[in-house]
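Since the structure comes first, as structure tokens, the remarks are kept for the end.
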Number of protein chains: 2
Amino acid sequence: MPESLTAAEPQRRPRGRPRKAPDALDEGNRRQELLRGAARLFRNKGFAATTTRDIAAAAGMQSGSPFYHFESKAALLFAVMEQGMRAALRSQAQALQAAAADRASSQDLLRTLVRAHFDVLLGPGSDFIPVMLYEWRSLTPAQRADIARLQRDYETAWADALQALCAAGTIRADARVARLMMLGALNWSVQWYKPKQGASLDELTEQVMQLFLPRN
Amino acid sequence: MPESLTAAEPQRRPRGRPRKAPDALDEGNRRQELLRGAARLFRNKGFAATTTRDIAAAAGMQSGSPFYHFESKAALLFAVMEQGMRAALRSQAQALQAAAADRASSQDLLRTLVRAHFDVLLGPGSDFIPVMLYEWRSLTPAQRADIARLQRDYETAWADALQALCAAGTIRADARVARLMMLGALNWSVQWYKPKQGASLDELTEQVMQLFLPRN
DNA sequence: CCTACCGATCGGTAGG
DNA sequence: CCTACCGATCGGTAGG
């Protein structure tokens, strides 16, 4: 290449909006945008019916660009679920910490878990966990094992609270069945709950408590 | 073609198993085989991830042959759900008839509905309703409206039974929320129930009754 | 992160 | 219901 051409390159700043440097922060932002868009699309159309082109477009990218951030479409699905579960675990831990500080009863502990779960399922930015609930079969066995470990952690708090309530006779059913039924009842709400109409998540929590613990 | 070749064709019956005539009964059987295979595949892999070639192979056909029986892959999905709902409605009506003959209480009526629902979800040949529960978003709006009408009929019996129990104070929650939570709890069982191990459907029904109606 | 592209696969069809 | 096929689309990649 003739030296004159490179030497002719001016040293002034480029006009217009400066191109952001591809530093670590920025790369995390783009990756995060991909994850949010993918979560929304996976939830609304399903994993197999969502194309990587859909996901790229949602983040304002060209069709091949998601593969700069994620190895494959399957890796994107896994990342959505993993990030969803880690956020859910943080949210649950925070709620339990507050309940412990209040010396909450077993019943109030359950209420805390129900309310936190509704937030995870139906609160703002809540596409990640619904994707996990309804795209489990789209994971590879190895991915499933990883997510299952996070789910076990999440359900431990439920198992403990329900065990206490069963032992006290407040709930009269096998603790495992009670846990599966309660979580199923709550998880189903993603199918019918409309945020802008009907009961608030606080009201829904009270309804659930009255339904499962009618004595108090 | 030389006449000798066609004239040489013998008039005797072909050897081996006689090819079944494509009469109405037979066509219904083949169609039914396609539906059963499609239901199983849609349940295990999801609608979008199942190819019409998978479905053809499950029925022992070549790749283009399902389209002799169904207009499109979408029509197959709709037929699976519609047939599933019609069978569920028949099963529910039969159970309710027996309960009415026994002058069943509201509580026994609910037990009857729970038991019939478990059969629909988890009993033998129960792939059709799980497909409906987890592939709703794969339907076109027009298909959705048709299936929703059948679902409304199915849920009417639940609404009536729960309304009676709420009015009597046996269940202390909004009747609509109670219905959504109960059906959600039961529907979730398709995610964890293993027919060959754990509780039977009768035992599970008793657990559900104790959980939701603990007073009696 | 974009451009340009590839091989594979998919739903569906014409003709028999 | 099979054979042979088509146009479209898809996940993913090389090179920059």
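Chain identifiers are assigned as A, B, and so on, following the order in which chains appear in the structure tokens; residues are numbered from 1 within each chain, and ligands are numbered from 1 in order of appearance.
Those residues of chain B that fall within 10 Å of chain C when using only C-alpha atoms (C1' of nucleotides) read B:Thr51, B:Thr52, B:Arg53, B:Gly64, B:Phe67, B:Glu71, B:Ser72, B:Lys73.
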What are the closest atom pairs, with distances in Å to one decimal, for each residue of chain A lying within 9 Å of chain B, using only C-alpha atoms, rows by chain and rising residue number, as JSON lines?
```
{"residue": "A:Asn44", "atom": "CA", "partner": "B:Arg137", "partner_atom": "CA", "distance": 7.2}
{"residue": "A:Lys45", "atom": "CA", "partner": "B:Arg137", "partner_atom": "CA", "distance": 6.6}
{"residue": "A:Gly46", "atom": "CA", "partner": "B:Arg137", "partner_atom": "CA", "distance": 8.0}
{"residue": "A:Phe47", "atom": "CA", "partner": "B:Ala48", "partner_atom": "CA", "distance": 8.5}
{"residue": "A:Ala48", "atom": "CA", "partner": "B:Ala48", "partner_atom": "CA", "distance": 5.5}
{"residue": "A:Ala49", "atom": "CA", "partner": "B:Ala48", "partner_atom": "CA", "distance": 5.7}
{"residue": "A:Tyr134", "atom": "CA", "partner": "B:Tyr134", "partner_atom": "CA", "distance": 7.2}
{"residue": "A:Glu135", "atom": "CA", "partner": "B:Gly46", "partner_atom": "CA", "distance": 8.9}
{"residue": "A:Arg137", "atom": "CA", "partner": "B:Lys45", "partner_atom": "CA", "distance": 6.6}
{"residue": "A:Ser138", "atom": "CA", "partner": "B:Lys45", "partner_atom": "CA", "distance": 7.4}
{"residue": "A:Thr170", "atom": "CA", "partner": "B:Pro214", "partner_atom": "CA", "distance": 8.9}
{"residue": "A:Ile171", "atom": "CA", "partner": "B:Leu211", "partner_atom": "CA", "distance": 6.6}
{"residue": "A:Arg172", "atom": "CA", "partner": "B:Gln210", "partner_atom": "CA", "distance": 5.9}
{"residue": "A:Ala173", "atom": "CA", "partner": "B:Leu211", "partner_atom": "CA", "distance": 5.6}
{"residue": "A:Asp174", "atom": "CA", "partner": "B:Gln207", "partner_atom": "CA", "distance": 7.2}
{"residue": "A:Val177", "atom": "CA", "partner": "B:Gln207", "partner_atom": "CA", "distance": 7.4}
{"residue": "A:Ala178", "atom": "CA", "partner": "B:Leu211", "partner_atom": "CA", "distance": 7.0}
{"residue": "A:Leu180", "atom": "CA", "partner": "B:Ala185", "partner_atom": "CA", "distance": 7.5}
{"residue": "A:Met181", "atom": "CA", "partner": "B:Ala185", "partner_atom": "CA", "distance": 4.5}
{"residue": "A:Met182", "atom": "CA", "partner": "B:Ala185", "partner_atom": "CA", "distance": 6.3}
{"residue": "A:Leu183", "atom": "CA", "partner": "B:Ala185", "partner_atom": "CA", "distance": 7.2}
{"residue": "A:Gly184", "atom": "CA", "partner": "B:Ala185", "partner_atom": "CA", "distance": 4.3}
{"residue": "A:Ala185", "atom": "CA", "partner": "B:Ala185", "partner_atom": "CA", "distance": 4.1}
{"residue": "A:Leu186", "atom": "CA", "partner": "B:Met181", "partner_atom": "CA", "distance": 6.9}
{"residue": "A:Asn187", "atom": "CA", "partner": "B:Gly184", "partner_atom": "CA", "distance": 7.3}
{"residue": "A:Trp188", "atom": "CA", "partner": "B:Gly184", "partner_atom": "CA", "distance": 4.8}
{"residue": "A:Ser189", "atom": "CA", "partner": "B:Gly184", "partner_atom": "CA", "distance": 7.5}
{"residue": "A:Trp192", "atom": "CA", "partner": "B:Leu180", "partner_atom": "CA", "distance": 8.3}
{"residue": "A:Leu204", "atom": "CA", "partner": "B:Val177", "partner_atom": "CA", "distance": 8.2}
{"residue": "A:Glu206", "atom": "CA", "partner": "B:Ala173", "partner_atom": "CA", "distance": 8.9}
{"residue": "A:Gln207", "atom": "CA", "partner": "B:Ala173", "partner_atom": "CA", "distance": 5.7}
{"residue": "A:Val208", "atom": "CA", "partner": "B:Ala173", "partner_atom": "CA", "distance": 7.7}
{"residue": "A:Met209", "atom": "CA", "partner": "B:Ala173", "partner_atom": "CA", "distance": 8.9}
{"residue": "A:Gln210", "atom": "CA", "partner": "B:Arg172", "partner_atom": "CA", "distance": 5.9}
{"residue": "A:Leu211", "atom": "CA", "partner": "B:Ala173", "partner_atom": "CA", "distance": 5.6}
{"residue": "A:Phe212", "atom": "CA", "partner": "B:Phe212", "partner_atom": "CA", "distance": 6.1}
{"residue": "A:Leu213", "atom": "CA", "partner": "B:Phe212", "partner_atom": "CA", "distance": 8.6}
{"residue": "A:Pro214", "atom": "CA", "partner": "B:Arg172", "partner_atom": "CA", "distance": 6.3}
{"residue": "A:Arg215", "atom": "CA", "partner": "B:Arg215", "partner_atom": "CA", "distance": 8.7}
```
Surrounding residues of region 88-97 of chain A excluding itself and chain neighbours under 5 positions, 10 Å, only C-alpha atoms (C1' of nucleotides), as number ranges by chain: A: 82-83, 102-104, 109-110, 112-117, 119-121, 126, 128-129, 150-151, 153-155, 157
In region 36-188 of chain B, DSSP alpha helix (DSSP H) residues written as a PyMOL selection string: chain B and resi 36-45+52-58+66-69+73-101+106-122+128-134+141-167+175-187
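When the distance limit is 7 Å and only C-alpha atoms (C1' of nucleotides) are what count, the residues near Val131 (chain A), minus those fewer than 6 positions from it on the same chain, are Ala39, Phe42, Arg43 and Met81 of chain A.
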Prev. selection, C-alpha atoms, output as a tab-separated table (two decimals), in the first residue's frame:
```
chain	number	residue	atom	x	y	z
A	39	ALA	CA	-35.62	-14.16	26.69
A	42	PHE	CA	-38.13	-17.43	23.57
A	43	ARG	CA	-41.00	-16.75	25.92
A	81	MET	CA	-32.05	-19.74	32.10
```
Residues within 12 Å of Ala142 (chain B), please, as an mmCIF file with all heavy atoms, in the first residue's frame. Count only C-alpha atoms (C1' of nucleotides); anything in the same chain fewer than 5 positions from it doesn't count.
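So part.cif came out as:
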```
data_model
loop_
_atom_site.group_PDB
_atom_site.id
_atom_site.type_symbol
_atom_site.label_atom_id
_atom_site.label_comp_id
_atom_site.auth_asym_id
_atom_site.auth_seq_id
_atom_site.Cartn_x
_atom_site.Cartn_y
_atom_site.Cartn_z
ATOM 1 N N ALA B 74 -49.715 -27.260 10.873
ATOM 2 C CA ALA B 74 -50.557 -26.532 11.821
ATOM 3 C C ALA B 74 -51.900 -27.219 12.023
ATOM 4 O O ALA B 74 -52.440 -27.242 13.139
ATOM 5 C CB ALA B 74 -50.756 -25.094 11.343
ATOM 6 N N ALA B 75 -52.441 -27.792 10.946
ATOM 7 C CA ALA B 75 -53.723 -28.498 11.064
ATOM 8 C C ALA B 75 -53.569 -29.745 11.931
ATOM 9 O O ALA B 75 -54.492 -30.119 12.664
ATOM 10 C CB ALA B 75 -54.235 -28.877 9.677
ATOM 11 N N PHE B 78 -53.597 -28.594 15.551
ATOM 12 C CA PHE B 78 -54.963 -28.277 15.959
ATOM 13 C C PHE B 78 -55.774 -29.547 16.193
ATOM 14 O O PHE B 78 -56.495 -29.658 17.188
ATOM 15 C CB PHE B 78 -55.641 -27.410 14.895
ATOM 16 C CG PHE B 78 -57.071 -27.087 15.209
ATOM 17 C CD1 PHE B 78 -57.378 -26.083 16.113
ATOM 18 C CD2 PHE B 78 -58.106 -27.798 14.612
ATOM 19 C CE1 PHE B 78 -58.706 -25.784 16.415
ATOM 20 C CE2 PHE B 78 -59.435 -27.511 14.918
ATOM 21 C CZ PHE B 78 -59.723 -26.498 15.816
ATOM 22 N N TRP B 136 -49.797 -23.879 23.322
ATOM 23 C CA TRP B 136 -50.843 -22.891 23.065
ATOM 24 C C TRP B 136 -50.349 -21.776 22.146
ATOM 25 O O TRP B 136 -51.038 -21.333 21.231
ATOM 26 C CB TRP B 136 -51.315 -22.303 24.395
ATOM 27 C CG TRP B 136 -52.449 -21.356 24.290
ATOM 28 C CD1 TRP B 136 -52.414 -20.000 24.431
ATOM 29 C CD2 TRP B 136 -53.816 -21.698 24.025
ATOM 30 N NE1 TRP B 136 -53.663 -19.478 24.261
ATOM 31 C CE2 TRP B 136 -54.550 -20.493 24.011
ATOM 32 C CE3 TRP B 136 -54.493 -22.908 23.786
ATOM 33 C CZ2 TRP B 136 -55.914 -20.457 23.764
ATOM 34 C CZ3 TRP B 136 -55.853 -22.858 23.545
ATOM 35 C CH2 TRP B 136 -56.546 -21.654 23.534
ATOM 36 N N ARG B 137 -49.148 -21.328 22.366
ATOM 37 C CA ARG B 137 -48.612 -20.198 21.587
ATOM 38 C C ARG B 137 -48.336 -20.574 20.140
ATOM 39 O O ARG B 137 -48.110 -19.696 19.311
ATOM 40 C CB ARG B 137 -47.323 -19.686 22.223
ATOM 41 C CG ARG B 137 -46.230 -20.731 22.228
ATOM 42 C CD ARG B 137 -45.027 -20.269 23.031
ATOM 43 N NE ARG B 137 -44.135 -21.395 23.269
ATOM 44 C CZ ARG B 137 -43.174 -21.414 24.149
ATOM 45 N NH1 ARG B 137 -42.969 -20.356 24.904
ATOM 46 N NH2 ARG B 137 -42.409 -22.459 24.314
ATOM 47 N N ILE B 147 -60.271 -23.741 20.248
ATOM 48 C CA ILE B 147 -59.906 -24.577 21.398
ATOM 49 C C ILE B 147 -60.384 -23.927 22.692
ATOM 50 O O ILE B 147 -60.822 -24.612 23.626
ATOM 51 C CB ILE B 147 -58.380 -24.805 21.433
ATOM 52 C CG1 ILE B 147 -57.904 -25.451 20.127
ATOM 53 C CG2 ILE B 147 -57.997 -25.687 22.616
ATOM 54 C CD1 ILE B 147 -58.379 -26.844 19.897
ATOM 55 N N ALA B 148 -60.321 -22.605 22.755
ATOM 56 C CA ALA B 148 -60.743 -21.913 23.973
ATOM 57 C C ALA B 148 -62.206 -22.196 24.289
ATOM 58 O O ALA B 148 -62.586 -22.261 25.459
ATOM 59 C CB ALA B 148 -60.506 -20.408 23.829
ATOM 60 N N ARG B 149 -63.018 -22.370 23.242
ATOM 61 C CA ARG B 149 -64.436 -22.674 23.491
ATOM 62 C C ARG B 149 -64.577 -24.025 24.188
ATOM 63 O O ARG B 149 -65.356 -24.185 25.127
ATOM 64 C CB ARG B 149 -65.201 -22.654 22.166
ATOM 65 C CG ARG B 149 -66.675 -22.384 22.382
ATOM 66 C CD ARG B 149 -67.428 -22.112 21.076
ATOM 67 N NE ARG B 149 -66.654 -21.344 20.127
ATOM 68 C CZ ARG B 149 -66.302 -21.770 18.906
ATOM 69 N NH1 ARG B 149 -66.662 -22.969 18.509
ATOM 70 N NH2 ARG B 149 -65.632 -20.996 18.106
#
```
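Going from CA of Ala57 (chain B) to CA of Ala38 (chain B) covers 10.3 Å.
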For CA of Gly37 (chain B) and CA of Gln143 (chain A), the interatomic separation in Å (one decimal): 27.1 Å
